[in-house]
$ cat work.txt   # compact mmCIF, C-alpha atoms
# COMPACT_ATOMS: atom_id res chain seq x y z
CA MET A 13 12.48 -3.32 -2.48
CA SER A 14 12.75 -5.64 -5.41
CA ARG A 15 10.01 -5.92 -7.97
CA GLN A 16 11.49 -9.02 -9.50
CA GLY A 17 10.29 -11.46 -6.96
CA ASN A 18 12.85 -13.85 -5.69
CA ARG A 19 16.37 -12.55 -5.28
CA ALA A 20 17.92 -14.94 -2.89
CA GLY A 21 21.35 -13.43 -3.39
CA ASP A 22 20.72 -10.25 -1.47
CA PRO A 23 19.16 -10.74 1.96
CA ARG A 24 18.36 -7.03 2.13
CA LYS A 25 15.81 -7.28 -0.66
CA VAL A 26 12.31 -8.55 -0.05
CA ASN A 27 9.70 -9.72 -2.42
CA GLY A 28 7.68 -6.81 -3.83
CA GLU A 29 4.33 -8.44 -3.16
CA LEU A 30 5.25 -9.17 0.42
CA PHE A 31 6.09 -5.50 0.82
CA THR A 32 2.79 -4.37 -0.68
CA LEU A 33 0.76 -6.83 1.36
CA THR A 34 2.57 -5.97 4.58
CA TYR A 35 1.78 -2.33 4.08
CA GLY A 36 -1.82 -3.24 3.37
CA ALA A 37 -2.04 -5.23 6.59
CA LEU A 38 -0.66 -2.26 8.48
CA VAL A 39 -3.21 0.15 7.09
CA ALA A 40 -6.04 -2.33 7.64
CA GLN A 41 -5.05 -2.72 11.28
CA LEU A 42 -4.91 1.03 11.77
CA ILE A 43 -8.40 1.35 10.32
CA LYS A 44 -9.58 -1.20 12.89
CA ASP A 45 -7.78 0.55 15.73
CA TYR A 46 -8.79 4.14 15.03
CA GLU A 47 -12.17 5.69 14.69
CA ASN A 48 -11.85 7.74 11.60
CA ASP A 49 -9.77 8.17 8.48
CA GLU A 50 -8.24 11.42 9.67
CA GLN A 51 -6.68 9.66 12.62
CA VAL A 52 -5.42 6.84 10.44
CA ASN A 53 -3.82 9.41 8.13
CA LYS A 54 -2.17 10.99 11.12
CA GLN A 55 -0.81 7.68 12.40
CA LEU A 56 0.54 6.79 8.96
CA ASP A 57 2.21 10.17 8.76
CA LYS A 58 3.75 9.70 12.17
CA MET A 59 5.09 6.25 11.30
CA GLY A 60 6.44 7.57 8.04
CA TYR A 61 8.08 10.43 9.87
CA ASN A 62 9.89 8.07 12.22
CA MET A 63 11.02 6.03 9.24
CA GLY A 64 12.16 9.09 7.32
CA VAL A 65 14.30 10.29 10.19
CA ARG A 66 16.31 7.06 9.97
CA LEU A 67 15.99 6.51 6.27
CA ILE A 68 17.79 9.74 5.47
CA GLU A 69 20.97 8.45 7.11
CA ASP A 70 20.86 5.30 5.02
CA PHE A 71 20.19 7.44 1.97
CA LEU A 72 23.12 9.76 2.65
CA ALA A 73 25.39 6.80 3.26
CA ARG A 74 24.41 5.07 0.06
CA ALA A 75 23.87 7.95 -2.35
CA ASN A 76 26.90 9.89 -1.14
CA THR A 77 25.49 13.13 -2.50
CA GLY A 78 26.43 16.46 -1.03
CA ARG A 79 24.13 19.17 0.13
CA CYS A 80 21.63 20.49 -2.42
CA ASN A 81 22.07 24.07 -3.55
CA ASP A 82 18.40 24.81 -3.99
CA PHE A 83 14.95 23.28 -3.71
CA ARG A 84 14.95 22.34 -7.39
CA GLU A 85 17.98 20.18 -6.89
CA THR A 86 16.32 18.65 -3.84
CA ALA A 87 13.28 17.80 -5.95
CA ASP A 88 15.46 16.10 -8.54
CA VAL A 89 17.34 14.08 -5.95
CA ILE A 90 14.09 12.96 -4.30
CA ALA A 91 12.56 11.87 -7.59
CA LYS A 92 15.54 10.43 -9.41
CA VAL A 93 17.67 9.04 -6.62
CA ALA A 94 15.55 8.45 -3.52
CA PHE A 95 12.36 7.09 -5.09
CA LYS A 96 14.44 5.02 -7.47
CA MET A 97 16.48 3.59 -4.62
CA TYR A 98 13.65 2.73 -2.25
CA LEU A 99 10.59 2.16 -4.43
CA GLY A 100 12.12 1.41 -7.81
CA LEU A 101 10.24 4.14 -9.63
CA THR A 102 10.92 7.67 -10.78
CA PRO A 103 8.12 10.16 -10.27
CA VAL A 104 7.87 13.20 -12.52
CA VAL A 105 8.65 16.55 -10.89
CA SER A 106 6.23 19.20 -12.08
CA ASN A 107 3.75 21.96 -11.21
CA TRP A 108 6.37 24.30 -9.77
CA SER A 109 4.93 27.34 -8.09
CA THR A 110 6.17 30.65 -9.51
CA THR A 111 8.14 31.32 -6.33
CA GLY A 112 9.94 27.97 -6.65
CA ASP A 113 9.08 26.79 -3.18
CA GLU A 114 6.42 24.25 -4.09
CA PHE A 115 6.34 21.33 -6.46
CA SER A 116 4.53 18.08 -7.13
CA LEU A 117 5.71 14.53 -7.54
CA LEU A 118 3.55 12.74 -10.06
CA LEU A 119 3.35 8.97 -9.73
CA GLU A 120 1.81 6.92 -12.47
CA SER A 121 1.99 3.80 -10.39
CA ASN A 122 2.38 3.24 -6.72
CA PRO A 123 3.73 -0.08 -5.47
CA LEU A 124 1.91 0.39 -2.15
CA THR A 125 -1.50 0.31 -3.79
CA GLU A 126 -1.00 -2.52 -6.23
CA PHE A 127 -3.81 -4.72 -4.88
CA VAL A 128 -5.88 -2.03 -3.25
CA GLU A 129 -9.36 -0.76 -3.82
CA LEU A 130 -10.75 1.71 -1.32
CA PRO A 131 -13.97 0.42 0.19
CA PRO A 132 -16.89 2.89 0.26
CA GLY A 133 -16.94 5.17 3.27
CA HIS A 134 -13.22 5.81 3.29
CA SER A 135 -13.06 8.81 1.02
CA ASN A 136 -10.87 10.75 3.45
CA LEU A 137 -8.26 8.03 3.81
CA ASN A 138 -4.86 8.82 2.34
CA TYR A 139 -3.84 5.22 1.96
CA SER A 140 -0.19 5.93 1.17
CA ASN A 141 0.20 8.72 3.71
CA LEU A 142 3.27 6.96 5.09
CA LEU A 143 5.17 8.33 2.09
CA CYS A 144 4.33 11.90 3.08
CA GLY A 145 5.58 11.31 6.59
CA ALA A 146 8.78 9.68 5.36
CA LEU A 147 9.53 12.58 3.03
CA ARG A 148 8.81 15.09 5.79
CA GLY A 149 11.00 13.27 8.32
CA ALA A 150 13.88 12.80 5.91
CA LEU A 151 13.86 16.42 4.77
CA GLU A 152 13.64 17.69 8.31
CA MET A 153 16.90 15.92 9.09
CA VAL A 154 18.64 17.85 6.33
CA GLN A 155 17.37 21.10 7.82
CA MET A 156 14.34 21.61 5.63
CA ASP A 157 10.91 22.10 7.07
CA VAL A 158 8.58 20.90 4.32
CA ASP A 159 4.84 20.35 4.17
CA VAL A 160 4.01 17.14 2.33
CA ARG A 161 0.53 15.98 1.37
CA PHE A 162 -1.49 14.08 -1.19
CA VAL A 163 -3.53 16.19 -3.59
CA GLN A 164 -4.55 13.48 -6.04
CA ASP A 165 -4.66 9.74 -5.69
CA ILE A 166 -5.41 7.11 -8.30
CA LEU A 167 -7.15 5.16 -5.51
CA LYS A 168 -9.70 7.94 -5.25
CA GLY A 169 -10.42 7.92 -8.97
CA ASP A 170 -7.92 10.58 -10.05
CA ASN A 171 -5.87 10.00 -13.19
CA ILE A 172 -2.59 10.27 -11.40
CA THR A 173 -1.18 10.22 -7.90
CA GLU A 174 0.20 13.59 -6.91
CA ILE A 175 2.23 14.42 -3.80
CA ARG A 176 2.69 18.11 -3.14
CA LEU A 177 5.78 19.39 -1.33
CA LYS A 178 5.90 22.91 0.04
CA PHE A 179 9.08 24.38 1.45
CA ILE A 180 8.37 26.24 4.68
CA LYS A 181 11.69 27.20 6.17
CA ARG A 182 15.29 26.26 6.71
CA LEU A 183 16.04 24.88 10.12
CA GLU A 184 19.23 26.27 11.58
CA ASP A 185 21.93 24.42 13.46
CA ALA A 186 21.31 24.60 17.18
CA VAL A 187 23.72 26.98 18.86
CA PRO A 188 25.18 25.63 22.08
CA VAL A 189 24.40 27.50 25.24
CA GLY A 190 26.74 30.41 25.90
CA GLU A 191 28.09 30.49 22.34
CA ASP A 192 27.63 33.19 19.77
CA MET B 11 36.29 17.61 33.92
CA SER B 12 33.11 15.65 33.53
CA LYS B 13 32.32 13.99 30.21
CA GLU B 14 29.36 16.26 29.76
CA GLU B 15 31.38 19.43 30.21
CA GLU B 16 34.02 18.14 27.87
CA PHE B 17 31.35 17.40 25.30
CA LYS B 18 29.92 20.91 25.57
CA LEU B 19 33.35 22.46 25.15
CA MET B 20 34.09 20.27 22.18
CA TYR B 21 30.80 21.11 20.53
CA GLY B 22 31.33 24.81 21.13
CA MET B 23 34.82 24.72 19.71
CA LEU B 24 33.85 22.81 16.58
CA PHE B 25 30.81 25.00 16.07
CA SER B 26 33.01 28.10 16.25
CA ILE B 27 35.69 26.72 13.95
CA LYS B 28 33.05 25.71 11.47
CA SER B 29 31.39 29.11 11.35
CA PHE B 30 34.81 30.81 11.31
CA VAL B 31 35.90 28.72 8.34
CA SER B 32 32.69 29.37 6.47
CA ARG B 33 33.00 33.12 7.01
CA LEU B 34 36.60 33.16 5.85
CA SER B 35 35.81 31.35 2.65
CA PRO B 36 35.37 33.76 -0.27
CA THR B 37 33.29 31.24 -2.22
CA ASP B 38 30.65 28.71 -1.24
CA MET B 39 32.36 26.00 0.70
CA LYS B 40 32.69 22.59 -0.86
CA GLU B 41 34.24 20.55 1.90
CA GLY B 42 34.59 23.11 4.65
CA PHE B 43 36.45 22.32 7.84
CA LEU B 44 38.20 18.94 7.66
CA ASN B 45 40.88 18.81 10.33
CA TYR B 46 43.29 20.77 12.47
CA SER B 47 46.63 19.92 14.04
CA THR B 48 48.25 20.94 17.27
CA SER B 49 51.76 20.03 18.31
CA LYS B 50 50.39 16.92 20.02
CA TYR B 51 47.54 15.56 17.95
CA LYS B 52 45.41 15.99 14.87
CA LEU B 53 41.63 16.23 14.98
CA HIS B 54 39.61 15.03 12.00
CA PHE B 55 36.08 16.24 11.44
CA PHE B 56 33.35 14.96 9.16
CA GLU B 57 29.76 16.15 9.06
CA THR B 58 26.90 14.57 7.15
CA PRO B 59 24.23 16.76 5.51
CA SER B 60 21.96 15.62 8.33
CA GLY B 61 24.24 17.34 10.81
CA LEU B 62 25.82 14.25 12.30
CA LYS B 63 29.40 14.93 13.27
CA PHE B 64 32.20 12.40 13.35
CA ILE B 65 35.39 13.29 15.14
CA MET B 66 38.58 11.33 15.41
CA ASN B 67 41.83 12.28 17.06
CA THR B 68 44.99 10.85 15.57
CA ASP B 69 48.71 11.11 15.51
CA LEU B 70 50.18 14.05 13.57
CA SER B 71 51.52 11.89 10.76
CA VAL B 72 48.09 10.74 9.57
CA GLY B 73 46.76 12.20 6.31
CA SER B 74 43.14 12.95 5.43
CA MET B 75 40.65 10.74 7.24
CA LYS B 76 37.62 12.12 5.43
CA ASP B 77 36.94 8.91 3.54
CA VAL B 78 37.54 6.79 6.59
CA LEU B 79 35.04 8.83 8.60
CA HIS B 80 32.52 8.60 5.79
CA GLN B 81 32.96 4.86 5.75
CA MET B 82 32.53 4.78 9.50
CA PHE B 83 29.23 6.58 9.03
CA SER B 84 27.95 4.42 6.20
CA SER B 85 29.12 1.00 7.25
CA ILE B 86 29.09 1.21 11.04
CA TYR B 87 26.75 3.97 12.22
CA VAL B 88 24.01 3.41 9.66
CA GLU B 89 24.22 -0.37 9.85
CA TYR B 90 24.38 -0.83 13.60
CA VAL B 91 22.65 2.24 15.02
CA VAL B 92 20.20 3.62 12.45
CA LYS B 93 19.00 0.17 11.47
CA ASN B 94 18.71 -0.96 15.06
CA PRO B 95 15.23 0.08 16.17
CA LEU B 96 16.25 -0.26 19.81
CA CYS B 97 18.87 2.46 19.46
CA ASP B 98 17.35 5.81 20.29
CA LEU B 99 18.73 8.38 17.88
CA GLY B 100 19.91 11.49 19.63
CA GLN B 101 20.87 9.56 22.77
CA PRO B 102 24.33 8.29 23.62
CA ILE B 103 24.93 4.99 21.85
CA THR B 104 25.07 2.13 24.29
CA SER B 105 24.95 -0.75 21.81
CA GLU B 106 27.68 -3.29 22.44
CA LEU B 107 27.48 -4.48 18.87
CA PHE B 108 28.17 -0.99 17.62
CA LYS B 109 31.09 -0.65 19.99
CA ASN B 110 32.61 -3.92 18.89
CA LYS B 111 32.17 -3.24 15.19
CA LEU B 112 33.64 0.22 15.55
CA ASP B 113 36.60 -1.13 17.46
CA GLU B 114 37.13 -3.78 14.81
CA PHE B 115 36.91 -1.18 12.06
CA VAL B 116 39.39 1.18 13.67
CA ARG B 117 41.86 -1.59 14.46
CA ALA B 118 41.83 -2.71 10.84
CA LEU B 119 42.72 0.74 9.51
CA PRO B 120 46.15 1.06 7.91
CA GLN B 121 46.67 4.16 10.07
CA PHE B 122 46.17 2.13 13.22
CA THR B 123 49.29 1.09 15.05
CA VAL B 124 49.84 0.17 18.63
CA LYS B 125 51.94 2.68 20.45
CA PRO B 126 55.34 1.18 21.24
CA GLU B 127 56.00 0.86 24.94
$ encode --input "work.txt" --output "structure tokens"
Amino acid sequence: MSRQGNRAGDPRKVNGELFTLTYGALVAQLIKDYENDEQVNKQLDKMGYNMGVRLIEDFLARANTGRCNDFRETADVIAKVAFKMYLGLTPVVSNWSTTGDEFSLLLESNPLTEFVELPPGHSNLNYSNLLCGALRGALEMVQMDVDVRFVQDILKGDNITEIRLKFIKRLEDAVPVGED
Amino acid sequence: MSKEEEFKLMYGMLFSIKSFVSRLSPTDMKEGFLNYSTSKYKLHFFETPSGLKFIMNTDLSVGSMKDVLHQMFSSIYVEYVVKNPLCDLGQPITSELFKNKLDEFVRALPQFTVKPE
């Protein structure tokens, strides 16, 4: 996504506002289609997941990074390479748990919410929940089962947007039938 | 042998070689298993961190194809399968476009030569 408006040279880049507004239209439609915010959150997560599953391949092809040695390295790659590549921003990695299996991504700005104000009665809506799903889907494809959720959101009046990632387990390669 | 059986055998063999190689290695593997040669052919193997495996059989005289396979992943697979929403990931690829692009790519490789009659 380009934040600099018109970049006719690269057909892969779209205008930043178009991106933000398209996402807004998507969420608005989901709110119309589903009864409550919980269900909208779930749908956003599901869509994000499906995106993440594909996005990771594009990421691996473009970033050409190897496998991460630990979760800290994963956190760094997510913040400094992935977010930079796809959203043009670099969240701060912080609030590590003492066991090193949980951390937060702190976002001072969020391009998805640029023109957004949550109307009253939608206090449970995680507007940018698609991001959680995308992170979950992408990490699952590199054999990491991770729980991703919003804990703070500027849209809800918090000072910062915080996404919490919790490592659950490593997914093993499937063993073919009849093999050791 | 049916394609499916052949595929299972292939997967089993590569899985075993991979785990064998990783157990033999005294240190953490960097690149791991890359290729093997028999008296008839050479098999090249490349795996992405997402577990996708690329395999190519070549003539014995061909050197490392690691970069070629990576390029195949990034410029053919990602472009024409991952970015095609109609391609179901995890299913056999039926896209004609993918097939054509892959064919084009392989034919343009310096290692590619037509077998003399």
$ closest_residue --input "work.txt" --among "A:Ala150, A:Leu119, A:Leu101, A:Leu30" --to "chain B" --atoms "all atoms listed in the file"
A:Ala150
$ residues_around --input "work.txt" --residues "stretch 110-126 of chain B" --least-positions-apart "2" --cutoff "12 Å" --atoms "only C-alpha atoms" --output "compact mmCIF listing (two decimals) with C-alpha atoms, keeping the file's coordinate frame"
# COMPACT_ATOMS: atom_id res chain seq x y z
CA MET B 66 38.58 11.33 15.41
CA ASN B 67 41.83 12.28 17.06
CA THR B 68 44.99 10.85 15.57
CA ASP B 69 48.71 11.11 15.51
CA LEU B 70 50.18 14.05 13.57
CA SER B 71 51.52 11.89 10.76
CA VAL B 72 48.09 10.74 9.57
CA GLY B 73 46.76 12.20 6.31
CA SER B 74 43.14 12.95 5.43
CA MET B 75 40.65 10.74 7.24
CA ASP B 77 36.94 8.91 3.54
CA VAL B 78 37.54 6.79 6.59
CA LEU B 79 35.04 8.83 8.60
CA GLN B 81 32.96 4.86 5.75
CA MET B 82 32.53 4.78 9.50
CA PHE B 83 29.23 6.58 9.03
CA SER B 84 27.95 4.42 6.20
CA SER B 85 29.12 1.00 7.25
CA ILE B 86 29.09 1.21 11.04
CA TYR B 87 26.75 3.97 12.22
CA VAL B 88 24.01 3.41 9.66
CA GLU B 89 24.22 -0.37 9.85
CA TYR B 90 24.38 -0.83 13.60
CA VAL B 91 22.65 2.24 15.02
CA ILE B 103 24.93 4.99 21.85
CA THR B 104 25.07 2.13 24.29
CA SER B 105 24.95 -0.75 21.81
CA GLU B 106 27.68 -3.29 22.44
CA LEU B 107 27.48 -4.48 18.87
CA PHE B 108 28.17 -0.99 17.62
$ closest_residue --input "work.txt" --among "B:Ile65, B:Met23, B:Lys76, B:Phe56" --to "chain A" --atoms "all atoms listed in the file"
B:Met23
$ residues_around --input "work.txt" --residues "A:Gly64" --least-positions-apart "2" --cutoff "6 Å" --atoms "all atoms listed in the file" --output "NGL selection string"
:A and (60-62 or 66-68 or 146 or 149-150)
$ interface_residues --input "work.txt" --of "chain A" --to "chain B" --cutoff "7 Å" --atoms "only C-alpha atoms" --output "number ranges by chain"
A: 66, 69-70, 73, 78-79, 153-154, 188, 191
$ atom_distance --input "work.txt" --atom1 "atom CA of A:Phe31" --atom2 "atom CA of A:Gly100"
12.6 Å
$ residues_near_point --input "work.txt" --point "(30.3, 25.9, 11.0)" --cutoff "12 Å" --atoms "all atoms listed in the file" --output "VMD selection string"
(chain A and resid 184 to 187 192) or (chain B and resid 21 to 35 39 41 to 44 55 to 57 61 63)
$ atom_distance --input "work.txt" --atom1 "atom CA of A:Asn141" --atom2 "atom CA of A:Ala87"
18.6 Å
$ closest_residue --input "work.txt" --among "A:Val52, A:Met63, A:Leu99, A:Ala94" --to "A:Lys25" --atoms "all atoms listed in the file"
A:Leu99
$ atom_distance --input "work.txt" --atom1 "atom CA of A:Cys80" --atom2 "atom CA of A:Ser140"
26.5 Å
$ closest_residue --input "work.txt" --among "A:Arg176, A:Val104, A:Asn53, A:Gly28" --to "A:Glu120" --atoms "all atoms listed in the file"
A:Val104
$ residues_around --input "work.txt" --residues "stretch 35-38 of chain A" --least-positions-apart "4" --cutoff "12 Å" --atoms "all atoms listed in the file" --output "list in words"
Gly28, Glu29, Leu30, Phe31, Leu42, Ile43, Lys44, Asp45, Val52, Gln55, Leu56, Met59, Gly60, Pro123, Leu124, Thr125, Glu126, Phe127, Val128, Glu129, Leu130, Tyr139, Ser140, Asn141, Leu142 and Leu143 of chain A
$ residues_around --input "work.txt" --residues "A:Phe115" --least-positions-apart "3" --cutoff "9 Å" --atoms "only C-alpha atoms" --output "PDB file with C-alpha atoms, in the frame of the given file"
ATOM      1  CA  ARG A  84      14.950  22.340  -7.390  1.00  0.00           C
ATOM      2  CA  ALA A  87      13.280  17.800  -5.950  1.00  0.00           C
ATOM      3  CA  VAL A 105       8.650  16.550 -10.890  1.00  0.00           C
ATOM      4  CA  SER A 106       6.230  19.200 -12.080  1.00  0.00           C
ATOM      5  CA  ASN A 107       3.750  21.960 -11.210  1.00  0.00           C
ATOM      6  CA  TRP A 108       6.370  24.300  -9.770  1.00  0.00           C
ATOM      7  CA  SER A 109       4.930  27.340  -8.090  1.00  0.00           C
ATOM      8  CA  GLY A 112       9.940  27.970  -6.650  1.00  0.00           C
ATOM      9  CA  ILE A 175       2.230  14.420  -3.800  1.00  0.00           C
ATOM     10  CA  ARG A 176       2.690  18.110  -3.140  1.00  0.00           C
ATOM     11  CA  LEU A 177       5.780  19.390  -1.330  1.00  0.00           C
ATOM     12  CA  LYS A 178       5.900  22.910   0.040  1.00  0.00           C
ATOM     13  CA  PHE A 179       9.080  24.380   1.450  1.00  0.00           C
TER      14      PHE A 179
END
$ axis_aligned_box --input "work.txt" --around "stretch 115-120 of chain A" --padding-each-side "4 Å" --output "JSON"
{"center_x": 4.1, "center_y": 14.1, "center_z": -9.5, "size_x": 12.5, "size_y": 22.4, "size_z": 14.0}
$ build_atoms --input "work.txt" --residues "stretch 110-122 of chain B" --atoms "N, CA, C and O atoms" --output "PDB file, keeping the file's coordinate frame"
ATOM      1  N   ASN B 110      31.698  -2.896  19.386  1.00  0.00           N
ATOM      2  CA  ASN B 110      32.610  -3.920  18.890  1.00  0.00           C
ATOM      3  C   ASN B 110      32.965  -3.724  17.425  1.00  0.00           C
ATOM      4  O   ASN B 110      34.116  -3.859  17.029  1.00  0.00           O
ATOM      5  N   LYS B 111      31.930  -3.412  16.625  1.00  0.00           N
ATOM      6  CA  LYS B 111      32.170  -3.240  15.190  1.00  0.00           C
ATOM      7  C   LYS B 111      33.071  -2.036  14.943  1.00  0.00           C
ATOM      8  O   LYS B 111      33.943  -2.065  14.077  1.00  0.00           O
ATOM      9  N   LEU B 112      32.838  -0.985  15.703  1.00  0.00           N
ATOM     10  CA  LEU B 112      33.640   0.220  15.550  1.00  0.00           C
ATOM     11  C   LEU B 112      35.094  -0.060  15.919  1.00  0.00           C
ATOM     12  O   LEU B 112      36.027   0.333  15.212  1.00  0.00           O
ATOM     13  N   ASP B 113      35.256  -0.776  16.999  1.00  0.00           N
ATOM     14  CA  ASP B 113      36.600  -1.130  17.460  1.00  0.00           C
ATOM     15  C   ASP B 113      37.324  -1.950  16.396  1.00  0.00           C
ATOM     16  O   ASP B 113      38.471  -1.685  16.046  1.00  0.00           O
ATOM     17  N   GLU B 114      36.589  -2.916  15.858  1.00  0.00           N
ATOM     18  CA  GLU B 114      37.130  -3.780  14.810  1.00  0.00           C
ATOM     19  C   GLU B 114      37.555  -2.953  13.601  1.00  0.00           C
ATOM     20  O   GLU B 114      38.636  -3.132  13.048  1.00  0.00           O
ATOM     21  N   PHE B 115      36.676  -2.032  13.223  1.00  0.00           N
ATOM     22  CA  PHE B 115      36.910  -1.180  12.060  1.00  0.00           C
ATOM     23  C   PHE B 115      38.170  -0.328  12.249  1.00  0.00           C
ATOM     24  O   PHE B 115      39.028  -0.260  11.378  1.00  0.00           O
ATOM     25  N   VAL B 116      38.263   0.292  13.410  1.00  0.00           N
ATOM     26  CA  VAL B 116      39.390   1.180  13.670  1.00  0.00           C
ATOM     27  C   VAL B 116      40.699   0.389  13.735  1.00  0.00           C
ATOM     28  O   VAL B 116      41.717   0.807  13.189  1.00  0.00           O
ATOM     29  N   ARG B 117      40.639  -0.782  14.357  1.00  0.00           N
ATOM     30  CA  ARG B 117      41.860  -1.590  14.460  1.00  0.00           C
ATOM     31  C   ARG B 117      42.354  -2.065  13.110  1.00  0.00           C
ATOM     32  O   ARG B 117      43.540  -2.320  12.925  1.00  0.00           O
ATOM     33  N   ALA B 118      41.436  -2.207  12.162  1.00  0.00           N
ATOM     34  CA  ALA B 118      41.830  -2.710  10.840  1.00  0.00           C
ATOM     35  C   ALA B 118      42.349  -1.605   9.926  1.00  0.00           C
ATOM     36  O   ALA B 118      42.816  -1.870   8.825  1.00  0.00           O
ATOM     37  N   LEU B 119      42.259  -0.355  10.358  1.00  0.00           N
ATOM     38  CA  LEU B 119      42.720   0.740   9.510  1.00  0.00           C
ATOM     39  C   LEU B 119      44.235   0.696   9.336  1.00  0.00           C
ATOM     40  O   LEU B 119      44.958   0.362  10.270  1.00  0.00           O
ATOM     41  N   PRO B 120      44.693   1.047   8.116  1.00  0.00           N
ATOM     42  CA  PRO B 120      46.150   1.060   7.910  1.00  0.00           C
ATOM     43  C   PRO B 120      46.841   2.094   8.816  1.00  0.00           C
ATOM     44  O   PRO B 120      48.024   1.954   9.132  1.00  0.00           O
ATOM     45  N   GLN B 121      46.079   3.122   9.208  1.00  0.00           N
ATOM     46  CA  GLN B 121      46.670   4.160  10.070  1.00  0.00           C
ATOM     47  C   GLN B 121      46.816   3.695  11.519  1.00  0.00           C
ATOM     48  O   GLN B 121      47.440   4.358  12.323  1.00  0.00           O
ATOM     49  N   PHE B 122      46.178   2.562  11.829  1.00  0.00           N
ATOM     50  CA  PHE B 122      46.170   2.130  13.220  1.00  0.00           C
ATOM     51  C   PHE B 122      47.448   1.365  13.567  1.00  0.00           C
ATOM     52  O   PHE B 122      47.783   0.368  12.941  1.00  0.00           O
TER      53      PHE B 122
END
